[in-house]
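K.L.:
This is the structure, below, for whatever I ask next.
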Amino acid sequence: MFCKDIHSALEAITGRYEEVVFVHDERIPMPAVSGQHPVIRIEVSEETKGIETVEKIWDRLMETGMTRRGLLVAIGGGALTDMAGFAAATYKRGIEWVAVPTTLLAMVDASTGGKTGINYRGMKNMIGAFYPPIETIIWPGWLKTLPTEEMLSGFGEIIKMSAVSCQKSERLWDRVMRYDLERMDIGELEPIIEECVAAKERIVAADPREEGLRKVLNFGHTFGHALEEIMMDNSQFLALDGTIIWQSQIFTMHNAQLTIIPHGYAVVYGMIAELYLSVVKSGCPKEPLQLLTQTMLHYYGKPQCGCKDRESLLKFMQQDKKNEHAGEINCTLIRGIGKPIINQVISPDEAREAWDYLFSL
Ligand SMILES: NC(=O)c1ccc[n+]([C@@H]2O[C@H](COP(=O)([O-])OP(=O)(O)OC[C@H]3O[C@@H](n4cnc5c(N)ncnc54)[C@H](O)[C@@H]3O)[C@@H](O)[C@H]2O)c1
């Protein structure tokens with residue numbers, strides 16, 4: 001649900017429970033809520049999105065004596081809601097939880113649809129559960145403090161939704177492509193957020209466990225996840241003798257501190273590669289690729305990658321958990337805006353060609 005006042009929205013829900021525990025991202029202020037509810041502060045990053053953080057949440061829930069009648073309230077971006085949702089799914093075989101997304105990406109994507117999970121052994125979201133929150137509270141006010149690159153990251157998922165959601169898709173795509181990313185007006189963004197959430201809810205309701213239709217939401221993610229995973233694989237990252245293997249206008253990733261690419265950036269780069277394949281394999285017109293390429297070059301920067309890493313990217317794609325058969329590469333492509341096609345198997349040579357296209361821009 002959308003709300004104008006986060007405090008009263010939280011009061012209305014937590015007031016219905018005797019036992020409430022908040023799990024929140026330590027970087028954002030905790031909203032005042034009446035009652036003496038325990039608060040678990042979490043340091044959030046892709047590196048901390050792992051089993052150790054979930055153990056910390058389980059431990060605190062046990063210390064507080066939380067029973068199966070309790071409520072966990074997760075306040076943060078997608079990494080936090082994924083982890084806290086997974087802790088809720090598994091604590092005493094499942095307790096109710098509420099998602100309070102504080103990033104644009106978590107509002108439009110991560111906190112709708114019931115996927116929870118953690119990274120494991122360098123693989124993104126490898127362990128997890130389908131376990132929807134009983135409510136998602138969206139308060140756009142959080143976006144006022146969100147850094148530009150996180151807004152752009154969330155906008156990457158908005159672009160994806162506008163490209164694949166079948167109903168009214170053409171119109172949403174046009175509105176999204178016209179949105180002024182320089183001004184980033186939150187008021188103008190609100191109806192777009194609402195439409196994306198509604199579109200995702202429709203798709204998830206039709207296919208909650210990703211057996212068919214829901215795979216349209218993976219557009220941009222086969223290539224995008226491989227980029228995220230190469231960034232998480234530090235040993236390989238450091239083996240490059242300090243050479244810059246990844247650089248964009250906004251961030252330079254050539255040392256151990258900056259190994260993470262924001263999820264929505266990876267999705268934008270992934271969509272360029274998958275739009276390229278959509279044009280050459282599936283008859284998609286060239287305009288969406290041209291338009292998105294302009295947006296990428298202007299706002300998201302230009303990805304660069306060495307030859308050795310392209311083969312690693314391919315390996316990550318072959319290990320992707322979305323693949324139906326081990327070793328094959330499975331993508332969602334589009335025939336045009338609002339016309340996604342799922343389960344497109346692509347050959348390693350086609351994948352190399354799409355990476356070459358992306359890195360040559
Ligand atoms: N479950 C799903 O369906 C789903 C879908 C998409 C993405 N995801 C996951 O979501 C994660 C990415 O989510 P994200 O983009 O929200 O990143 P994030 O949760 O890592 O947050 C990004 C950064 O913004 C900070 N932050 C959060 N809210 C803020 C605010 N209001 N003001 C200032 N700073 C704030 C965080 O501390 C963090 O540094 C990934 O782990 C991805 O796998 C899950």
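Please note that chains go A, B, ... in the order of the structure tokens, that every chain numbers its residues from 1, and that ligands are numbered from 1 in the order shown.
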Just want the 8 Å neighbourhood of stretch 102-108 of chain A, counted on only C-alpha atoms, with same-chain residues fewer than 6 positions away dropped. Output as a list in words.

P.N.:
Ile75, Gly76, Gly77, Gly78, Thr81, Ile138, Trp139, Pro140, Trp142, Leu143, Leu146, Glu150, Met151, Ser153, Gly154, Phe155, Glu157, Ile158, Ile193, Glu194, Cys196, Val197 and Gly264 of chain A

K.L.:
Store the residues picked out above in a file with N, CA and C atoms, as a PDB file, in the first residue's frame.

P.N.:
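Saved the output as result-v5.pdb:
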ATOM      1  N   ILE A  75      12.809  -2.626   7.340  1.00  0.00           N
ATOM      2  CA  ILE A  75      12.863  -1.271   6.779  1.00  0.00           C
ATOM      3  C   ILE A  75      14.223  -1.078   6.109  1.00  0.00           C
ATOM      4  N   GLY A  76      14.231  -0.969   4.798  1.00  0.00           N
ATOM      5  CA  GLY A  76      15.504  -0.783   4.090  1.00  0.00           C
ATOM      6  C   GLY A  76      15.349  -1.027   2.605  1.00  0.00           C
ATOM      7  N   GLY A  77      16.489  -1.079   1.927  1.00  0.00           N
ATOM      8  CA  GLY A  77      16.483  -1.348   0.489  1.00  0.00           C
ATOM      9  C   GLY A  77      16.302  -2.842   0.228  1.00  0.00           C
ATOM     10  N   GLY A  78      16.467  -3.218  -1.031  1.00  0.00           N
ATOM     11  CA  GLY A  78      16.195  -4.595  -1.442  1.00  0.00           C
ATOM     12  C   GLY A  78      17.094  -5.621  -0.761  1.00  0.00           C
ATOM     13  N   THR A  81      15.483  -6.078   2.720  1.00  0.00           N
ATOM     14  CA  THR A  81      14.173  -6.756   2.737  1.00  0.00           C
ATOM     15  C   THR A  81      14.321  -8.208   2.273  1.00  0.00           C
ATOM     16  N   ILE A 138       4.670   1.489   1.038  1.00  0.00           N
ATOM     17  CA  ILE A 138       5.505   2.356   0.193  1.00  0.00           C
ATOM     18  C   ILE A 138       5.277   3.815   0.575  1.00  0.00           C
ATOM     19  N   TRP A 139       6.337   4.441   1.055  1.00  0.00           N
ATOM     20  CA  TRP A 139       6.301   5.868   1.404  1.00  0.00           C
ATOM     21  C   TRP A 139       7.392   6.567   0.582  1.00  0.00           C
ATOM     22  N   PRO A 140       6.976   7.306  -0.475  1.00  0.00           N
ATOM     23  CA  PRO A 140       7.978   7.908  -1.367  1.00  0.00           C
ATOM     24  C   PRO A 140       8.916   8.889  -0.661  1.00  0.00           C
ATOM     25  N   TRP A 142      10.996   8.470   1.556  1.00  0.00           N
ATOM     26  CA  TRP A 142      12.343   7.917   1.747  1.00  0.00           C
ATOM     27  C   TRP A 142      13.291   8.364   0.624  1.00  0.00           C
ATOM     28  N   LEU A 143      12.717   8.605  -0.561  1.00  0.00           N
ATOM     29  CA  LEU A 143      13.569   8.843  -1.735  1.00  0.00           C
ATOM     30  C   LEU A 143      14.334  10.163  -1.655  1.00  0.00           C
ATOM     31  N   LEU A 146      17.908   9.490  -0.921  1.00  0.00           N
ATOM     32  CA  LEU A 146      18.568   8.434  -1.686  1.00  0.00           C
ATOM     33  C   LEU A 146      19.589   9.030  -2.674  1.00  0.00           C
ATOM     34  N   GLU A 150      21.681   5.484  -6.624  1.00  0.00           N
ATOM     35  CA  GLU A 150      20.663   4.522  -6.187  1.00  0.00           C
ATOM     36  C   GLU A 150      19.317   4.817  -6.862  1.00  0.00           C
ATOM     37  N   MET A 151      19.032   6.119  -7.110  1.00  0.00           N
ATOM     38  CA  MET A 151      17.807   6.459  -7.854  1.00  0.00           C
ATOM     39  C   MET A 151      17.923   5.889  -9.271  1.00  0.00           C
ATOM     40  N   SER A 153      19.694   3.402 -10.201  1.00  0.00           N
ATOM     41  CA  SER A 153      19.622   1.942 -10.118  1.00  0.00           C
ATOM     42  C   SER A 153      18.146   1.501 -10.107  1.00  0.00           C
ATOM     43  N   GLY A 154      17.338   2.143  -9.278  1.00  0.00           N
ATOM     44  CA  GLY A 154      15.907   1.811  -9.232  1.00  0.00           C
ATOM     45  C   GLY A 154      15.236   2.086 -10.569  1.00  0.00           C
ATOM     46  N   PHE A 155      15.678   3.152 -11.220  1.00  0.00           N
ATOM     47  CA  PHE A 155      15.066   3.497 -12.502  1.00  0.00           C
ATOM     48  C   PHE A 155      15.355   2.419 -13.556  1.00  0.00           C
ATOM     49  N   GLU A 157      15.165  -0.750 -13.079  1.00  0.00           N
ATOM     50  CA  GLU A 157      14.071  -1.738 -12.978  1.00  0.00           C
ATOM     51  C   GLU A 157      12.760  -1.151 -13.515  1.00  0.00           C
ATOM     52  N   ILE A 158      12.589   0.170 -13.382  1.00  0.00           N
ATOM     53  CA  ILE A 158      11.388   0.804 -13.951  1.00  0.00           C
ATOM     54  C   ILE A 158      11.419   0.664 -15.478  1.00  0.00           C
ATOM     55  N   ILE A 193       5.829   4.772 -10.248  1.00  0.00           N
ATOM     56  CA  ILE A 193       6.080   3.718  -9.252  1.00  0.00           C
ATOM     57  C   ILE A 193       4.803   2.891  -9.078  1.00  0.00           C
ATOM     58  N   GLU A 194       3.674   3.599  -8.928  1.00  0.00           N
ATOM     59  CA  GLU A 194       2.393   2.876  -8.714  1.00  0.00           C
ATOM     60  C   GLU A 194       2.104   1.942  -9.861  1.00  0.00           C
ATOM     61  N   CYS A 196       4.234   0.564 -11.954  1.00  0.00           N
ATOM     62  CA  CYS A 196       5.187  -0.567 -11.962  1.00  0.00           C
ATOM     63  C   CYS A 196       4.793  -1.607 -10.904  1.00  0.00           C
ATOM     64  N   VAL A 197       4.415  -1.122  -9.709  1.00  0.00           N
ATOM     65  CA  VAL A 197       4.031  -2.056  -8.641  1.00  0.00           C
ATOM     66  C   VAL A 197       2.793  -2.844  -9.072  1.00  0.00           C
ATOM     67  N   GLY A 264      20.463  -2.169 -10.420  1.00  0.00           N
ATOM     68  CA  GLY A 264      19.736  -1.599 -11.561  1.00  0.00           C
ATOM     69  C   GLY A 264      20.664  -1.188 -12.702  1.00  0.00           C
TER      70      GLY A 264
END

K.L.:
I'd like the contact shell of A:Phe130 - 8 Å cut-off, only C-alpha atoms, skipping same-chain residues fewer than 5 positions apart - returned as a list in words.

P.N.:
Gly114, Lys115, Thr116 and Arg209 of chain A

K.L.:
Just asking: which residues within stretch 181-345 of chain A are strand (DSSP E) according to DSSP, as a VMD selection string?

P.N.:
chain A and resid 246 to 247 252 to 253 329 to 334 340 to 345

K.L.:
Restrict the selected residues to C-alpha atoms and save them as a short mmCIF file (atom, residue, chain, number, x, y, z; two decimals), in the first residue's frame.

P.N.:
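As written to disk, again22.cif reads:
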data_model
loop_
_atom_site.label_atom_id
_atom_site.label_comp_id
_atom_site.auth_asym_id
_atom_site.auth_seq_id
_atom_site.Cartn_x
_atom_site.Cartn_y
_atom_site.Cartn_z
CA TRP A 246 35.29 -2.01 -15.00
CA GLN A 247 34.84 1.69 -15.39
CA THR A 252 35.50 3.14 -11.23
CA MET A 253 35.89 -0.38 -10.03
CA ILE A 329 22.02 -19.92 -21.24
CA ASN A 330 18.39 -18.93 -20.91
CA CYS A 331 17.15 -15.37 -21.49
CA THR A 332 13.98 -13.35 -21.75
CA LEU A 333 14.05 -11.36 -24.99
CA ILE A 334 11.42 -9.04 -26.52
CA PRO A 340 8.39 -10.35 -24.07
CA ILE A 341 9.36 -13.90 -25.02
CA ILE A 342 10.60 -16.19 -22.26
CA ASN A 343 12.92 -19.24 -22.27
CA GLN A 344 15.08 -18.12 -25.18
CA VAL A 345 18.14 -20.35 -25.23
#

K.L.:
Considering only C-alpha atoms and all ligand atoms, can you say which of A:Arg41, A:His325, A:Arg69, A:Lys49 comes closest to ligand 1?

P.N.:
A:Lys49

K.L.:
Just the residues within 12 Å of A:Met62, please, counting only C-alpha atoms, with nothing from its chain fewer than 6 positions along; format it as a PyMOL selection string.

P.N.:
chain A and resi 21+38+55-56+68+70+87+91-92

K.L.:
Restricted to N, CA and C atoms, what would the selected residues look like written as a PDB file, in the first residue's frame?

P.N.:
ATOM      1  N   VAL A  21       9.270  -6.987  16.074  1.00  0.00           N
ATOM      2  CA  VAL A  21      10.703  -6.687  16.017  1.00  0.00           C
ATOM      3  C   VAL A  21      10.969  -5.955  14.702  1.00  0.00           C
ATOM      4  N   PRO A  38      11.937  -4.186  20.046  1.00  0.00           N
ATOM      5  CA  PRO A  38      13.366  -4.340  19.754  1.00  0.00           C
ATOM      6  C   PRO A  38      13.684  -3.952  18.313  1.00  0.00           C
ATOM      7  N   GLU A  55      21.818 -15.074  10.453  1.00  0.00           N
ATOM      8  CA  GLU A  55      22.038 -15.661  11.795  1.00  0.00           C
ATOM      9  C   GLU A  55      21.882 -14.598  12.879  1.00  0.00           C
ATOM     10  N   LYS A  56      22.407 -13.396  12.573  1.00  0.00           N
ATOM     11  CA  LYS A  56      22.295 -12.301  13.551  1.00  0.00           C
ATOM     12  C   LYS A  56      20.806 -12.006  13.830  1.00  0.00           C
ATOM     13  N   ARG A  68       5.753 -17.626  17.171  1.00  0.00           N
ATOM     14  CA  ARG A  68       5.263 -17.652  15.787  1.00  0.00           C
ATOM     15  C   ARG A  68       4.120 -16.670  15.553  1.00  0.00           C
ATOM     16  N   GLY A  70       4.449 -13.516  16.280  1.00  0.00           N
ATOM     17  CA  GLY A  70       5.068 -12.192  16.202  1.00  0.00           C
ATOM     18  C   GLY A  70       5.132 -11.639  14.785  1.00  0.00           C
ATOM     19  N   ALA A  87      14.906 -14.372   6.745  1.00  0.00           N
ATOM     20  CA  ALA A  87      14.951 -14.707   8.176  1.00  0.00           C
ATOM     21  C   ALA A  87      13.528 -14.988   8.682  1.00  0.00           C
ATOM     22  N   TYR A  91      12.528 -18.516  10.386  1.00  0.00           N
ATOM     23  CA  TYR A  91      12.484 -18.524  11.847  1.00  0.00           C
ATOM     24  C   TYR A  91      11.227 -19.268  12.315  1.00  0.00           C
ATOM     25  N   LYS A  92      11.411 -20.312  13.080  1.00  0.00           N
ATOM     26  CA  LYS A  92      10.290 -21.148  13.561  1.00  0.00           C
ATOM     27  C   LYS A  92       9.356 -21.557  12.412  1.00  0.00           C
TER      28      LYS A  92
END

K.L.:
Nearest to ligand 1 among A:Ile28, A:Leu313, A:Ile159, A:Leu275, with distances taken over only C-alpha atoms and all ligand atoms: which residue is it?

P.N.:
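Once distances to ligand 1 are computed over only C-alpha atoms and all ligand atoms, the minimum belongs to A:Ile28.
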
K.L.:
Counting only C-alpha atoms, figure out which residue out of A:Gly327, A:Pro147, A:Gly338, A:Pro303 gets nearest to A:Leu361.

P.N.:
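Using only C-alpha atoms, the shortest distance to A:Leu361 belongs to A:Pro303.
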
K.L.:
Here is a test: counting only C-alpha atoms and all ligand atoms, which residue of A:Tyr265, A:Trp173, A:Phe223, A:Tyr300 is nearest to ligand 1?

P.N.:
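For ligand 1, the nearest of the given residues is A:Tyr265.
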
K.L.:
For A:Arg352, please output as a PyMOL selection string all residues within 9 Å (counting only C-alpha atoms; exclusion window: fewer than 4 positions along the same chain).

P.N.:
chain A and resi 310-311+314+347-348+356-357

K.L.:
Convert the current residue selection to file output with C-alpha atoms, as a compact mmCIF listing (two decimals), in the first residue's frame.

P.N.:
# COMPACT_ATOMS: atom_id res chain seq x y z
CA ARG A 310 34.23 -12.08 -21.00
CA GLU A 311 34.82 -15.82 -20.71
CA LEU A 314 29.90 -16.58 -19.89
CA SER A 347 24.48 -20.08 -27.72
CA PRO A 348 27.83 -19.09 -26.18
CA ASP A 356 31.01 -7.42 -27.61
CA TYR A 357 28.18 -5.10 -28.68

K.L.:
Using only C-alpha atoms, which of the listed residues (A:Ile186, A:Ala354, A:Leu291, A:Ala89) sits closest to A:Gly220?

P.N.:
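So, comparing all the options, the nearest one is A:Ala354.
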
K.L.:
Apply DSSP to the backbone of this structure and, from stretch 32-177 of chain A, keep only the residues in alpha helix (DSSP H); write these as a ChimeraX atom specification.

P.N.:
/A:51-63,78-90,104-105,148-164,169-177

K.L.:
Extract, using only C-alpha atoms, all DNA, RNA and protein residues at most 12 Å from A:Glu19, discarding same-chain residues fewer than 4 positions from it, and format them as a list in words.

P.N.:
Ile13, Thr14, Gly15, Gly35, Gln36, His37, Pro38, Leu61, Thr64, Gly65, Met66, Thr67, Arg68, Arg69, Gly70, Leu71, Leu72, Val73, Ile95, Glu96 and Trp97 of chain A

K.L.:
For N, CA and C atoms, I'd like the residues from the last selection saved as a short mmCIF file (atom, residue, chain, number, x, y, z; two decimals), in the first residue's frame.

P.N.:
data_model
loop_
_atom_site.label_atom_id
_atom_site.label_comp_id
_atom_site.auth_asym_id
_atom_site.auth_seq_id
_atom_site.Cartn_x
_atom_site.Cartn_y
_atom_site.Cartn_z
N ILE A 13 -0.25 -0.99 11.61
CA ILE A 13 0.05 -2.42 11.47
C ILE A 13 0.61 -3.00 12.76
N THR A 14 1.60 -2.33 13.35
CA THR A 14 2.25 -2.91 14.53
C THR A 14 1.28 -2.97 15.73
N GLY A 15 0.31 -2.04 15.74
CA GLY A 15 -0.67 -2.02 16.82
C GLY A 15 -1.50 -3.31 16.90
N GLY A 35 5.63 2.16 21.65
CA GLY A 35 5.89 0.79 22.13
C GLY A 35 7.39 0.57 22.19
N GLN A 36 7.78 -0.40 23.00
CA GLN A 36 9.21 -0.69 23.21
C GLN A 36 9.63 -1.88 22.35
N HIS A 37 9.59 -1.70 21.06
CA HIS A 37 9.90 -2.85 20.20
C HIS A 37 11.41 -2.96 19.97
N PRO A 38 11.94 -4.19 20.05
CA PRO A 38 13.37 -4.34 19.75
C PRO A 38 13.68 -3.95 18.31
N LEU A 61 16.03 -12.60 17.34
CA LEU A 61 14.62 -13.01 17.48
C LEU A 61 14.51 -14.02 18.62
N THR A 64 14.86 -12.26 22.00
CA THR A 64 13.65 -11.52 22.41
C THR A 64 12.49 -12.46 22.71
N GLY A 65 12.69 -13.75 22.43
CA GLY A 65 11.65 -14.74 22.71
C GLY A 65 10.48 -14.66 21.72
N MET A 66 10.75 -14.16 20.54
CA MET A 66 9.67 -14.03 19.53
C MET A 66 9.01 -15.38 19.26
N THR A 67 7.69 -15.41 19.34
CA THR A 67 6.94 -16.64 19.03
C THR A 67 6.47 -16.59 17.59
N ARG A 68 5.75 -17.63 17.17
CA ARG A 68 5.26 -17.65 15.79
C ARG A 68 4.12 -16.67 15.55
N ARG A 69 3.64 -16.04 16.62
CA ARG A 69 2.56 -15.05 16.46
C ARG A 69 3.11 -13.63 16.26
N GLY A 70 4.45 -13.52 16.28
CA GLY A 70 5.07 -12.19 16.20
C GLY A 70 5.13 -11.64 14.78
N LEU A 71 5.55 -10.36 14.71
CA LEU A 71 5.67 -9.67 13.41
C LEU A 71 7.07 -9.10 13.26
N LEU A 72 7.68 -9.34 12.11
CA LEU A 72 8.98 -8.71 11.81
C LEU A 72 8.72 -7.60 10.79
N VAL A 73 9.25 -6.42 11.06
CA VAL A 73 9.08 -5.29 10.13
C VAL A 73 10.45 -4.96 9.56
N ILE A 95 7.39 -16.64 10.22
CA ILE A 95 6.57 -15.67 10.97
C ILE A 95 6.12 -14.58 9.98
N GLU A 96 5.10 -13.85 10.34
CA GLU A 96 4.61 -12.80 9.44
C GLU A 96 5.61 -11.66 9.38
N TRP A 97 5.69 -11.02 8.22
CA TRP A 97 6.59 -9.88 8.10
C TRP A 97 6.00 -8.81 7.19
#

K.L.:
Here is a test: counting only C-alpha atoms and all ligand atoms, which residue of A:Met271, A:Ile192, A:Met317, A:Met30 is nearest to ligand 1?

P.N.:
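Comparing A:Met271, A:Ile192, A:Met317, A:Met30 against ligand 1, the winner is A:Met30.
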
K.L.:
Hey, can you check how far atom CA of A:Ile337 sits from atom CA of A:Ala163?

P.N.:
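One can read the atom CA of A:Ile337 to atom CA of A:Ala163 distance as 5.0 Å.
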
K.L.:
Leaving out A:Arg214 and any residue of its chain fewer than 5 positions from it, which residues lie within 7 Å of it when counting only C-alpha atoms, given as number ranges by chain?

P.N.:
A: 203-204, 207
